[in-house]
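As stored in start34.csv (CSV, C-alpha atoms):
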```
chain,number,residue,atom,x,y,z
S,22,MET,CA,264.4,175.9,159.9
S,23,THR,CA,266.2,173.0,158.3
S,24,ASP,CA,269.5,171.4,159.4
S,25,THR,CA,271.4,173.5,156.8
S,26,ASP,CA,270.1,176.8,158.1
S,27,GLN,CA,272.0,178.9,160.6
S,28,LYS,CA,270.2,181.4,162.8
S,29,PHE,CA,271.9,184.5,164.3
S,30,ARG,CA,270.1,186.6,167.0
S,31,PHE,CA,270.3,190.3,167.3
S,32,ARG,CA,270.8,191.7,170.8
S,33,LEU,CA,270.7,195.3,171.7
S,34,ASP,CA,274.0,196.7,173.0
S,35,ARG,CA,274.3,199.1,175.9
S,36,ARG,CA,274.4,202.2,173.7
S,37,ALA,CA,271.2,201.2,171.9
S,38,LYS,CA,269.4,200.5,175.2
S,39,VAL,CA,270.5,203.9,176.7
S,40,LEU,CA,269.5,205.7,173.6
S,41,THR,CA,266.2,204.0,173.5
S,42,ILE,CA,265.4,204.8,177.1
S,43,ALA,CA,266.6,208.4,176.7
S,44,ALA,CA,264.6,209.0,173.5
S,45,LEU,CA,261.4,207.5,174.9
S,46,THR,CA,261.8,209.6,178.1
S,47,VAL,CA,262.4,212.8,176.1
S,48,ILE,CA,259.4,212.1,173.9
S,49,ALA,CA,257.1,211.3,176.9
S,50,ALA,CA,258.3,214.5,178.7
S,51,GLY,CA,257.7,216.5,175.6
S,52,VAL,CA,254.2,215.1,175.2
S,53,TRP,CA,253.4,215.8,178.8
S,54,TRP,CA,254.7,219.3,178.6
S,55,PHE,CA,252.7,219.9,175.4
S,56,PHE,CA,249.5,218.8,177.1
S,57,TYR,CA,250.3,220.7,180.3
S,58,THR,CA,250.9,224.0,178.5
S,59,SER,CA,248.3,223.8,175.7
S,60,GLY,CA,245.3,224.8,177.7
S,61,GLY,CA,243.0,222.0,176.4
S,62,SER,CA,243.3,222.4,172.7
S,63,TYR,CA,243.1,219.6,170.1
S,64,LEU,CA,246.7,220.2,168.9
S,65,PRO,CA,248.5,218.2,171.6
S,66,ALA,CA,246.3,215.2,170.9
S,67,TRP,CA,246.9,215.4,167.2
S,68,CYS,CA,250.7,215.8,167.6
S,69,THR,CA,250.8,212.9,170.1
S,70,THR,CA,249.0,210.7,167.6
S,71,VAL,CA,251.5,211.6,164.9
S,72,VAL,CA,254.5,210.9,167.2
S,73,VAL,CA,253.1,207.6,168.4
S,74,ALA,CA,252.3,206.5,164.8
S,75,SER,CA,255.8,207.5,163.7
S,76,LEU,CA,257.3,205.5,166.6
S,77,LEU,CA,255.2,202.4,165.8
S,78,LEU,CA,256.1,202.7,162.1
S,79,ALA,CA,259.8,202.8,163.0
S,80,ALA,CA,259.4,199.9,165.4
S,81,LEU,CA,258.2,197.6,162.5
S,82,SER,CA,261.8,197.5,161.2
S,83,ILE,CA,263.6,196.6,164.5
S,84,PRO,CA,265.8,193.7,163.6
S,85,ARG,CA,265.2,190.5,165.5
S,86,PHE,CA,267.3,187.7,163.9
S,87,MET,CA,269.1,186.7,160.7
S,88,ARG,CA,268.9,183.3,159.0
S,89,VAL,CA,271.5,182.1,156.6
S,90,SER,CA,270.3,179.2,154.3
S,91,PRO,CA,271.6,177.7,151.1
S,92,HIS,CA,269.2,179.9,149.2
S,93,SER,CA,269.2,183.2,150.9
S,94,VAL,CA,270.2,185.5,153.8
S,95,GLU,CA,267.0,186.5,155.6
S,96,ILE,CA,266.9,189.4,158.0
S,97,HIS,CA,263.8,189.2,160.1
S,98,CYS,CA,262.4,192.4,161.6
S,99,LEU,CA,259.3,192.7,163.7
S,100,LEU,CA,257.1,193.1,160.6
S,101,GLU,CA,259.6,193.2,157.7
S,102,LEU,CA,261.6,190.6,156.0
S,103,VAL,CA,264.8,191.5,154.0
S,104,LYS,CA,265.7,188.6,151.8
S,105,ILE,CA,269.0,188.5,149.9
S,106,PRO,CA,269.4,185.6,147.5
S,107,ILE,CA,272.8,183.8,147.9
S,108,ARG,CA,273.3,183.7,144.1
S,109,GLU,CA,273.2,187.6,144.0
S,110,ILE,CA,275.9,188.1,146.8
S,111,GLN,CA,279.2,189.2,145.3
S,112,HIS,CA,281.1,190.1,148.4
S,113,VAL,CA,280.7,189.5,152.1
S,114,ARG,CA,283.2,190.8,154.7
S,115,PHE,CA,283.7,191.8,158.3
S,116,VAL,CA,283.7,195.6,158.8
S,117,GLU,CA,285.6,197.2,161.6
S,118,ARG,CA,283.8,199.6,163.9
S,119,ARG,CA,286.1,202.5,163.0
S,120,ASP,CA,285.1,202.1,159.4
S,121,MET,CA,281.5,202.9,160.3
S,122,LYS,CA,282.4,206.3,161.9
S,123,GLY,CA,281.5,208.2,158.7
S,124,CYS,CA,278.1,206.7,158.4
S,125,PHE,CA,274.8,208.4,159.4
S,126,PRO,CA,271.1,207.7,158.9
S,127,ILE,CA,269.4,209.3,155.9
S,128,TRP,CA,266.0,207.5,156.4
S,129,GLY,CA,266.3,205.4,159.5
S,130,VAL,CA,266.9,205.1,163.2
S,131,TYR,CA,270.0,205.5,165.2
S,132,GLY,CA,269.7,203.8,168.6
S,133,LEU,CA,266.0,203.6,169.2
S,134,GLY,CA,265.6,199.8,169.3
S,135,GLY,CA,268.7,199.4,167.2
S,136,TYR,CA,270.2,200.9,164.1
S,137,TYR,CA,268.2,200.3,160.9
S,138,GLY,CA,267.1,202.0,157.7
S,139,TYR,CA,269.1,203.6,155.0
S,140,TYR,CA,272.5,205.1,155.9
S,141,LEU,CA,275.1,207.1,154.0
S,142,ASP,CA,278.8,206.2,154.0
S,143,LEU,CA,280.6,209.5,153.6
S,144,ARG,CA,284.0,207.9,152.9
S,145,GLU,CA,282.7,205.9,149.9
S,146,ARG,CA,279.7,208.2,149.1
S,147,LYS,CA,277.4,205.2,149.0
S,148,VAL,CA,274.0,204.5,150.5
S,149,PHE,CA,273.4,201.2,152.2
S,150,ARG,CA,270.8,199.4,154.2
S,151,MET,CA,271.6,198.9,157.9
S,152,CYS,CA,270.0,196.2,160.0
S,153,ALA,CA,271.9,196.2,163.3
S,154,SER,CA,271.2,195.9,167.0
S,155,GLN,CA,274.7,196.9,168.1
S,156,TRP,CA,277.3,199.4,166.9
S,157,ARG,CA,280.0,196.7,166.5
S,158,ASN,CA,280.5,193.3,164.8
S,159,PHE,CA,279.5,194.5,161.4
S,160,VAL,CA,279.2,192.4,158.3
S,161,ARG,CA,278.8,194.0,154.9
S,162,ILE,CA,277.0,192.1,152.1
S,163,GLU,CA,277.2,193.5,148.6
S,164,THR,CA,275.1,192.2,145.8
S,165,GLY,CA,275.6,192.0,142.0
S,166,ASN,CA,273.0,194.7,141.4
S,167,GLY,CA,274.9,197.3,143.6
S,168,ARG,CA,272.9,197.0,146.8
S,169,ARG,CA,274.8,197.0,150.1
S,170,TYR,CA,273.6,195.7,153.4
S,171,VAL,CA,275.3,196.0,156.8
S,172,VAL,CA,274.2,193.7,159.6
S,173,SER,CA,275.6,193.1,163.1
S,174,CYS,CA,275.5,190.1,165.3
S,175,ASP,CA,277.5,188.5,168.1
S,176,ASP,CA,279.6,186.3,165.8
S,177,PRO,CA,280.4,188.1,162.5
S,178,ALA,CA,283.0,185.5,161.6
S,179,ALA,CA,280.5,182.8,161.6
S,180,VAL,CA,278.1,184.8,159.5
S,181,VAL,CA,280.8,185.4,156.9
S,182,ASP,CA,281.8,181.7,157.0
S,183,TRP,CA,278.2,180.5,156.5
S,184,ILE,CA,277.5,182.8,153.6
S,185,GLU,CA,280.8,181.9,152.0
S,186,ARG,CA,280.0,178.2,152.4
S,187,TYR,CA,276.8,178.6,150.4
S,188,ARG,CA,278.2,180.9,147.7
```
Would you put the structure from the file into structure tokens?
Amino acid sequence: MTDTDQKFRFRLDRRAKVLTIAALTVIAAGVWWFFYTSGGSYLPAWCTTVVVASLLLAALSIPRFMRVSPHSVEIHCLLELVKIPIREIQHVRFVERRDMKGCFPIWGVYGLGGYYGYYLDLRERKVFRMCASQWRNFVRIETGNGRRYVVSCDDPAAVVDWIERYR
């Protein structure tokens, strides 16, 4: 990280923490019930393996932090890097929480370790990439090639300011 880079951490909000604990509890109870009622067949072990593999695959995209540099906006996940070149960014703006009410995941996660994946905005009928750890403080980044990204962090005004500074 150079002196011109700015780093923004993602922290889980209370809703995401509660949803994560609730989902893991329900999954663990379901796996236990499936093993208990199966009578020793191979099916519970196979289903448990699929569920665990799916959870681990989803966990690879949990957002950790975002770095804004003069060259790009980088969203670092556990094992994924979303890189948006600054020269491609057309618009960046703060998005109110109420504007996100009509959005739901198409291929992604809602609450289990954050909010990430591909979401559909019913108001604008557009698909966008979500990388957020809390359901507030949203910043929408739109690129010249029509891609949309929505991120969240503790200080969205600073994110917008830093991106605008480099554009």
For the contact check between segment 147-181 of chain S and segment 133-141 of chain S, emit one row per residue of segment 147-181 of chain S within 12 Å, containing the shortest atom pair and the distance in Å rounded to one decimal, counting all atoms listed in the file, chain then rising number order, as CSV.
```
residue,atom,partner,partner_atom,distance
S:Lys147,CA,S:Leu141,CA,5.8
S:Val148,CA,S:Leu141,CA,4.5
S:Phe149,CA,S:Tyr140,CA,5.5
S:Arg150,CA,S:Tyr139,CA,4.6
S:Met151,CA,S:Tyr137,CA,4.7
S:Cys152,CA,S:Tyr137,CA,4.6
S:Ala153,CA,S:Tyr136,CA,5.1
S:Ser154,CA,S:Gly135,CA,4.3
S:Gln155,CA,S:Gly135,CA,6.6
S:Trp156,CA,S:Tyr136,CA,7.8
S:Arg157,CA,S:Tyr136,CA,10.9
S:Phe159,CA,S:Tyr136,CA,11.6
S:Arg168,CA,S:Tyr139,CA,11.2
S:Arg169,CA,S:Tyr139,CA,10.0
S:Tyr170,CA,S:Tyr139,CA,9.2
S:Val171,CA,S:Tyr137,CA,9.3
S:Val172,CA,S:Tyr137,CA,9.0
S:Ser173,CA,S:Tyr136,CA,9.5
S:Cys174,CA,S:Gly135,CA,11.7
```
Near-segment 88-93 of chain S list (8 Å; all atoms listed in the file; drop same-chain fewer than 4 positions) as a VMD selection string: chain S and resid 25 to 29 97 104 to 108 180 183 to 184 187
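Proximity ranking of S:Ile48, S:Ala178, S:Arg32, S:Leu102 relative to Val116 of chain S places S:Ala178 first, based on all atoms listed in the file.
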6 Å contact set for segment 79-83 of chain S, all atoms listed in the file, chain neighbours under 2 positions out, as a PyMOL selection string: chain S and resi 76-77+98-101
Spatial neighbours of Val181 of chain S, max dist 10 Å, all atoms listed in the file, sep filter under 2 positions, as a list in words: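 The filter keeps Val89, His112, Val113, Arg114, Phe115, Val160, Arg161, Ile162, Asp176, Pro177, Ala178, Ala179, Trp183, Ile184, Glu185 and Arg186 of chain S.
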Nearest candidate to Arg146 of chain S (options S:Ala37, S:Ile110, S:Val71, S:Cys124; using all atoms listed in the file):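 The closest residue to Arg146 of chain S is S:Cys124.
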Residue nearest Glu109 of chain S among S:Pro65, S:Ile127, S:Val94, S:Ala49 (counting all atoms listed in the file): S:Val94
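Closest approach to Arg85 of chain S from the set S:Val130, S:Leu33, S:Leu45, S:Cys68 is made by S:Leu33, with distances taken over only C-alpha atoms.
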For atom CA of Ala74 of chain S and atom CA of Val52 of chain S, the interatomic separation in Å (one decimal):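 Interatomic distance, atom CA of Ala74 of chain S to atom CA of Val52 of chain S: 13.6 Å.
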Expected residue set, 9 Å radius at (281.7, 203.5, 157.3), only C-alpha atoms, as a list in words: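 In the file's frame, the residues around the point are Val116, Glu117, Arg118, Arg119, Asp120, Met121, Lys122, Gly123, Cys124, Phe125, Leu141, Asp142, Leu143, Arg144 and Glu145 of chain S.
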Computed interatomic separation between atom CA of Thr41 of chain S and atom CA of Ser59 of chain S (Å):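 Atom-to-atom, atom CA of Thr41 of chain S and atom CA of Ser59 of chain S are spaced 26.8 Å apart.
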d(atom CA of Val72 of chain S, atom CA of Pro84 of chain S) in Å: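 Atom-to-atom, atom CA of Val72 of chain S and atom CA of Pro84 of chain S are spaced 20.9 Å apart.
The nearest approach to Phe55 of chain S among the residues S:Gln111, S:Asn166, S:Ser75, S:Thr69, with all atoms listed in the file taken into account, belongs to S:Thr69.
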